[in-house]
Structure formats: C-alpha cells, structure tokens
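Structure file structure_3.txt with compact mmCIF, N, CA and C atoms:
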```txt
# COMPACT_ATOMS: atom_id res chain seq x y z
N MET F 1 32.14 -27.40 4.38
CA MET F 1 31.65 -27.21 5.73
C MET F 1 30.69 -28.33 6.11
N LYS F 2 30.70 -28.62 7.38
CA LYS F 2 29.80 -29.65 7.88
C LYS F 2 28.39 -29.08 7.99
N THR F 3 27.41 -29.97 7.98
CA THR F 3 26.01 -29.55 8.08
C THR F 3 25.76 -28.75 9.35
N ARG F 4 26.36 -29.19 10.46
CA ARG F 4 26.17 -28.50 11.74
C ARG F 4 26.69 -27.06 11.66
N GLU F 5 27.85 -26.85 11.03
CA GLU F 5 28.41 -25.51 10.88
C GLU F 5 27.49 -24.64 10.02
N LEU F 6 26.95 -25.21 8.95
CA LEU F 6 26.04 -24.45 8.08
C LEU F 6 24.81 -24.00 8.84
N LYS F 7 24.25 -24.89 9.68
CA LYS F 7 23.06 -24.53 10.46
C LYS F 7 23.38 -23.37 11.39
N THR F 8 24.54 -23.40 12.03
CA THR F 8 24.93 -22.33 12.94
C THR F 8 25.06 -21.02 12.20
N ILE F 9 25.72 -21.04 11.06
CA ILE F 9 25.92 -19.83 10.27
C ILE F 9 24.58 -19.25 9.82
N HIS F 10 23.67 -20.11 9.39
CA HIS F 10 22.37 -19.62 8.92
C HIS F 10 21.51 -19.09 10.06
N SER F 11 21.71 -19.59 11.26
CA SER F 11 20.88 -19.12 12.37
C SER F 11 21.43 -17.86 13.01
N GLU F 12 22.70 -17.57 12.83
CA GLU F 12 23.30 -16.42 13.49
C GLU F 12 22.67 -15.08 13.13
N PRO F 13 22.37 -14.80 11.85
CA PRO F 13 21.76 -13.48 11.56
C PRO F 13 20.45 -13.28 12.32
N GLY F 14 19.64 -14.30 12.41
CA GLY F 14 18.38 -14.18 13.15
C GLY F 14 18.61 -13.89 14.61
N GLN F 15 19.59 -14.57 15.19
CA GLN F 15 19.92 -14.33 16.59
C GLN F 15 20.47 -12.92 16.77
N ALA F 16 21.27 -12.47 15.82
CA ALA F 16 21.83 -11.12 15.90
C ALA F 16 20.72 -10.08 15.80
N TRP F 17 19.73 -10.30 14.92
CA TRP F 17 18.62 -9.35 14.81
C TRP F 17 17.80 -9.32 16.09
N GLU F 18 17.66 -10.48 16.75
CA GLU F 18 16.95 -10.51 18.03
C GLU F 18 17.70 -9.66 19.06
N MET F 19 19.04 -9.69 19.02
CA MET F 19 19.82 -8.86 19.93
C MET F 19 19.53 -7.38 19.66
N VAL F 20 19.43 -7.01 18.38
CA VAL F 20 19.11 -5.62 18.03
C VAL F 20 17.76 -5.24 18.62
N TRP F 21 16.75 -6.10 18.45
CA TRP F 21 15.42 -5.81 19.01
C TRP F 21 15.47 -5.73 20.53
N ASN F 22 16.26 -6.60 21.15
CA ASN F 22 16.39 -6.55 22.61
C ASN F 22 16.96 -5.22 23.06
N GLU F 23 17.96 -4.72 22.36
CA GLU F 23 18.53 -3.43 22.72
C GLU F 23 17.52 -2.31 22.53
N LEU F 24 16.77 -2.34 21.44
CA LEU F 24 15.75 -1.32 21.20
C LEU F 24 14.67 -1.37 22.27
N GLY F 25 14.43 -2.55 22.82
CA GLY F 25 13.43 -2.70 23.88
C GLY F 25 13.75 -1.85 25.10
N HIS F 26 15.03 -1.58 25.34
CA HIS F 26 15.42 -0.73 26.47
C HIS F 26 14.89 0.70 26.30
N ALA F 27 14.58 1.07 25.07
CA ALA F 27 14.04 2.42 24.81
C ALA F 27 12.54 2.36 24.53
N GLY F 28 11.91 1.23 24.82
CA GLY F 28 10.47 1.10 24.61
C GLY F 28 10.08 0.80 23.17
N ILE F 29 11.05 0.41 22.35
CA ILE F 29 10.79 0.08 20.95
C ILE F 29 10.79 -1.43 20.82
N THR F 30 9.61 -2.00 20.51
CA THR F 30 9.48 -3.45 20.40
C THR F 30 8.84 -3.82 19.08
N LYS F 31 9.10 -5.06 18.66
CA LYS F 31 8.55 -5.57 17.41
C LYS F 31 7.03 -5.48 17.41
N GLY F 32 6.48 -4.97 16.32
CA GLY F 32 5.03 -4.96 16.15
C GLY F 32 4.29 -3.85 16.87
N HIS F 33 4.99 -2.94 17.52
CA HIS F 33 4.35 -1.83 18.24
C HIS F 33 4.87 -0.51 17.72
N ALA F 34 4.05 0.53 17.83
CA ALA F 34 4.45 1.85 17.35
C ALA F 34 5.59 2.42 18.18
N GLY F 35 5.70 1.98 19.42
CA GLY F 35 6.78 2.46 20.28
C GLY F 35 6.56 3.89 20.72
N PRO F 36 7.60 4.50 21.25
CA PRO F 36 7.48 5.89 21.69
C PRO F 36 7.13 6.80 20.52
N VAL F 37 6.27 7.76 20.79
CA VAL F 37 5.81 8.69 19.75
C VAL F 37 6.21 10.10 20.15
N ASN F 38 6.73 10.84 19.18
CA ASN F 38 7.08 12.24 19.40
C ASN F 38 6.50 13.02 18.23
N GLY F 39 5.35 13.67 18.47
CA GLY F 39 4.65 14.33 17.36
C GLY F 39 4.16 13.28 16.38
N ASP F 40 4.58 13.39 15.15
CA ASP F 40 4.17 12.42 14.12
C ASP F 40 5.17 11.28 13.98
N ILE F 41 6.24 11.30 14.74
CA ILE F 41 7.28 10.29 14.60
C ILE F 41 6.96 9.11 15.52
N LYS F 42 6.83 7.94 14.92
CA LYS F 42 6.60 6.70 15.66
C LYS F 42 7.90 5.90 15.60
N TRP F 43 8.69 6.00 16.67
CA TRP F 43 10.04 5.43 16.66
C TRP F 43 10.05 3.93 16.46
N GLY F 44 9.08 3.23 17.00
CA GLY F 44 9.02 1.78 16.82
C GLY F 44 8.77 1.39 15.38
N GLU F 45 7.87 2.11 14.72
CA GLU F 45 7.61 1.84 13.30
C GLU F 45 8.83 2.17 12.46
N ASN F 46 9.50 3.27 12.77
CA ASN F 46 10.72 3.62 12.04
C ASN F 46 11.77 2.52 12.18
N ALA F 47 11.93 2.01 13.40
CA ALA F 47 12.90 0.94 13.65
C ALA F 47 12.53 -0.32 12.88
N ALA F 48 11.24 -0.66 12.88
CA ALA F 48 10.80 -1.87 12.17
C ALA F 48 11.07 -1.77 10.67
N VAL F 49 10.81 -0.61 10.09
CA VAL F 49 11.07 -0.40 8.66
C VAL F 49 12.56 -0.49 8.38
N ALA F 50 13.37 0.15 9.21
CA ALA F 50 14.82 0.12 9.02
C ALA F 50 15.36 -1.30 9.13
N ILE F 51 14.91 -2.04 10.14
CA ILE F 51 15.39 -3.41 10.32
C ILE F 51 14.93 -4.30 9.17
N GLU F 52 13.70 -4.13 8.72
CA GLU F 52 13.21 -4.92 7.59
C GLU F 52 14.09 -4.69 6.35
N ARG F 53 14.41 -3.44 6.08
CA ARG F 53 15.25 -3.12 4.92
C ARG F 53 16.67 -3.64 5.08
N LEU F 54 17.20 -3.54 6.30
CA LEU F 54 18.54 -4.08 6.55
C LEU F 54 18.56 -5.60 6.41
N GLN F 55 17.49 -6.26 6.87
CA GLN F 55 17.42 -7.72 6.74
C GLN F 55 17.36 -8.12 5.26
N GLN F 56 16.69 -7.33 4.45
CA GLN F 56 16.62 -7.62 3.01
C GLN F 56 17.99 -7.49 2.34
N SER F 57 18.88 -6.71 2.95
CA SER F 57 20.21 -6.54 2.37
C SER F 57 21.13 -7.72 2.68
N LYS F 58 20.64 -8.67 3.48
CA LYS F 58 21.37 -9.90 3.79
C LYS F 58 22.76 -9.65 4.37
N LEU F 59 22.81 -8.78 5.37
CA LEU F 59 24.08 -8.50 6.04
C LEU F 59 24.58 -9.75 6.76
N PRO F 60 25.88 -9.92 6.82
CA PRO F 60 26.42 -11.03 7.60
C PRO F 60 26.11 -10.83 9.09
N ALA F 61 26.05 -11.93 9.81
CA ALA F 61 25.72 -11.86 11.24
C ALA F 61 26.68 -10.96 11.99
N SER F 62 27.95 -10.94 11.61
CA SER F 62 28.91 -10.09 12.32
C SER F 62 28.58 -8.61 12.15
N ASP F 63 28.08 -8.22 10.97
CA ASP F 63 27.68 -6.82 10.76
C ASP F 63 26.43 -6.49 11.57
N VAL F 64 25.49 -7.43 11.62
CA VAL F 64 24.27 -7.21 12.41
C VAL F 64 24.65 -7.08 13.88
N ASN F 65 25.58 -7.90 14.33
CA ASN F 65 26.06 -7.82 15.70
C ASN F 65 26.65 -6.45 15.98
N ASN F 66 27.41 -5.91 15.02
CA ASN F 66 27.99 -4.58 15.20
C ASN F 66 26.92 -3.50 15.28
N ILE F 67 25.83 -3.66 14.53
CA ILE F 67 24.71 -2.73 14.63
C ILE F 67 24.13 -2.79 16.05
N GLY F 68 23.98 -4.00 16.57
CA GLY F 68 23.47 -4.17 17.93
C GLY F 68 24.38 -3.53 18.96
N LEU F 69 25.70 -3.69 18.79
CA LEU F 69 26.64 -3.07 19.72
C LEU F 69 26.58 -1.55 19.65
N LEU F 70 26.41 -1.03 18.45
CA LEU F 70 26.29 0.42 18.27
C LEU F 70 25.03 0.94 18.97
N LEU F 71 23.92 0.24 18.79
CA LEU F 71 22.68 0.62 19.48
C LEU F 71 22.86 0.55 20.99
N GLN F 72 23.51 -0.50 21.44
CA GLN F 72 23.73 -0.67 22.87
C GLN F 72 24.54 0.50 23.42
N ALA F 73 25.60 0.87 22.73
CA ALA F 73 26.43 1.98 23.18
C ALA F 73 25.64 3.29 23.19
N ALA F 74 24.87 3.53 22.13
CA ALA F 74 24.10 4.78 22.04
C ALA F 74 23.03 4.85 23.12
N LEU F 75 22.29 3.78 23.30
CA LEU F 75 21.21 3.79 24.29
C LEU F 75 21.73 3.91 25.71
N HIS F 76 22.75 3.13 26.03
CA HIS F 76 23.26 3.16 27.40
C HIS F 76 24.04 4.46 27.66
N GLY F 77 24.71 4.96 26.63
CA GLY F 77 25.37 6.26 26.77
C GLY F 77 24.37 7.37 27.02
N ALA F 78 23.24 7.32 26.32
CA ALA F 78 22.19 8.33 26.52
C ALA F 78 21.60 8.22 27.92
N GLU F 79 21.42 6.98 28.40
CA GLU F 79 20.90 6.80 29.76
C GLU F 79 21.84 7.44 30.78
N ILE F 80 23.12 7.23 30.60
CA ILE F 80 24.09 7.81 31.53
C ILE F 80 24.10 9.33 31.42
N PHE F 81 24.10 9.82 30.19
CA PHE F 81 24.15 11.27 29.98
C PHE F 81 22.94 11.98 30.57
N TRP F 82 21.76 11.41 30.39
CA TRP F 82 20.53 12.07 30.82
C TRP F 82 20.11 11.72 32.24
N SER F 83 20.76 10.77 32.86
CA SER F 83 20.37 10.42 34.23
C SER F 83 20.96 11.43 35.21
N PRO F 84 20.25 11.65 36.31
CA PRO F 84 20.82 12.55 37.32
C PRO F 84 22.05 11.87 37.92
N THR F 85 23.13 12.58 37.94
CA THR F 85 24.35 12.01 38.50
C THR F 85 24.68 12.70 39.81
N VAL F 86 25.18 11.93 40.72
CA VAL F 86 25.49 12.46 42.05
C VAL F 86 26.88 13.08 42.02
N GLY F 87 26.93 14.39 42.17
CA GLY F 87 28.19 15.09 42.27
C GLY F 87 28.99 15.24 40.99
N THR F 88 28.42 14.86 39.84
CA THR F 88 29.15 14.98 38.58
C THR F 88 28.29 15.73 37.57
N PRO F 89 28.56 17.01 37.39
CA PRO F 89 27.79 17.74 36.37
C PRO F 89 28.05 17.16 34.99
N LYS F 90 27.06 17.23 34.13
CA LYS F 90 27.19 16.68 32.77
C LYS F 90 28.36 17.33 32.02
N SER F 91 28.67 18.54 32.35
CA SER F 91 29.78 19.22 31.67
C SER F 91 31.11 18.53 31.96
N GLU F 92 31.17 17.73 33.02
CA GLU F 92 32.41 17.03 33.37
C GLU F 92 32.52 15.67 32.68
N LEU F 93 31.47 15.26 31.97
CA LEU F 93 31.55 13.99 31.25
C LEU F 93 32.61 14.09 30.17
N VAL F 94 33.24 12.98 29.88
CA VAL F 94 34.31 12.96 28.89
C VAL F 94 33.76 13.24 27.51
N ARG F 95 34.37 14.19 26.83
CA ARG F 95 33.99 14.54 25.47
C ARG F 95 35.19 14.32 24.57
N PRO F 96 34.95 13.94 23.31
CA PRO F 96 36.09 13.76 22.38
C PRO F 96 36.75 15.07 22.05
```
Hey, can you dump this file as structure tokens for me?
Amino acid sequence: MKTRELKTIHSEPGQAWEMVWNELGHAGITKGHAGPVNGDIKWGENAAVAIERLQQSKLPASDVNNIGLLLQAALHGAEIFWSPTVGTPKSELVRP
C-alpha cells in the first residue's frame, strides 16, 4: 500500500468515532460531560466508558461506522416515535 492509503486507513477509525459522538450529541450526550441524568444513571458517562472500551478493542473503521449508523437509526427512530404526529396515532406506526 502507498503511504497516502495507509494514512487514510489509520485516520478513518478516529473519524468514525467522531461520527458516533456526533450522533450521541443529538441526545445531549457529549464528550467529557455527564450528559442526561436519570436517577443515578449518567448517560454521557456510560457512553464515554463504552466508547473507550470499544476503541481499545481496535475495531475496524467500517465496524465503527456501523455502530454510528445503528445509533443514528435508534435516536432518530425514537425522535419520530415520541414526537407528536399530526393525524397519525403511534399505534399506526409500522411494527415488525
């Protein structure tokens, strides 16, 4: 592989992890902050610990990207599900 290709490959996991943090930011979970709190649960701290451990596992960038896509789907799906919808009761949402 060429040096330029190696640099791209090595930088991709970091970029993919930034995408994960960006998606978490939609739920108020940001790097270095406790984030939303529910009782004793600090969601931002939980996310930081999980991401730190996942980063230590040296996942390929494509796997990290898939984690980001999964978060994106879950967060945006939850926004749609919990948002007031005009003329569409939640019971009419598509279920598997």
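Taking only C-alpha atoms into account, F:Gln15 lies nearest to F:Pro60 out of the set F:Pro60, F:Gly44, F:Gly39, F:Gly28.
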Return as number ranges by chain the full set of residues in stretch 23-80 of chain F whose backbone-based DSSP assignment is alpha helix (DSSP H).
F: 23-25, 43-56, 61-80
Test item: residues at most 7 Å from F:Ser62, all atoms listed in the file, excluding those fewer than 5 positions along its chain, as a PDB file with N, CA and C atoms, keeping the file's coordinate frame:
```pdb
ATOM      1  N   GLU F  12      22.700 -17.570  12.830  1.00  0.00           N
ATOM      2  CA  GLU F  12      23.300 -16.420  13.490  1.00  0.00           C
ATOM      3  C   GLU F  12      22.670 -15.080  13.130  1.00  0.00           C
ATOM      4  N   PRO F  13      22.370 -14.800  11.850  1.00  0.00           N
ATOM      5  CA  PRO F  13      21.760 -13.480  11.560  1.00  0.00           C
ATOM      6  C   PRO F  13      20.450 -13.280  12.320  1.00  0.00           C
ATOM      7  N   ILE F  67      25.830  -3.660  14.530  1.00  0.00           N
ATOM      8  CA  ILE F  67      24.710  -2.730  14.630  1.00  0.00           C
ATOM      9  C   ILE F  67      24.130  -2.790  16.050  1.00  0.00           C
TER      10      ILE F  67
END
```
The residue from F:Ala61, F:Leu71, F:Ile51, F:Ile80 with the smallest atom-to-atom distance to F:Leu24, counting only C-alpha atoms, is F:Leu71
Kindly compute an axis-aligned box around the listed atoms of stretch 23-39 of chain F, allowing 5 Å on each side, and express its centre and edge lengths in Å to one decimal as JSON.
```
{"center_x": 11.3, "center_y": 4.4, "center_z": 21.3, "size_x": 24.5, "size_y": 29.9, "size_z": 20.3}
```
For atom C of F:Gly25 and atom CA of F:Leu59, the interatomic separation in Å (one decimal) =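 One can read the atom C of F:Gly25 to atom CA of F:Leu59 distance as 22.7 Å.
What separates atom CA of F:Asp40 from atom CA of F:Glu52 is a distance of 20.6 Å.
One finds atom CA of F:Glu23 at 8.7 Å from atom C of F:Leu70.
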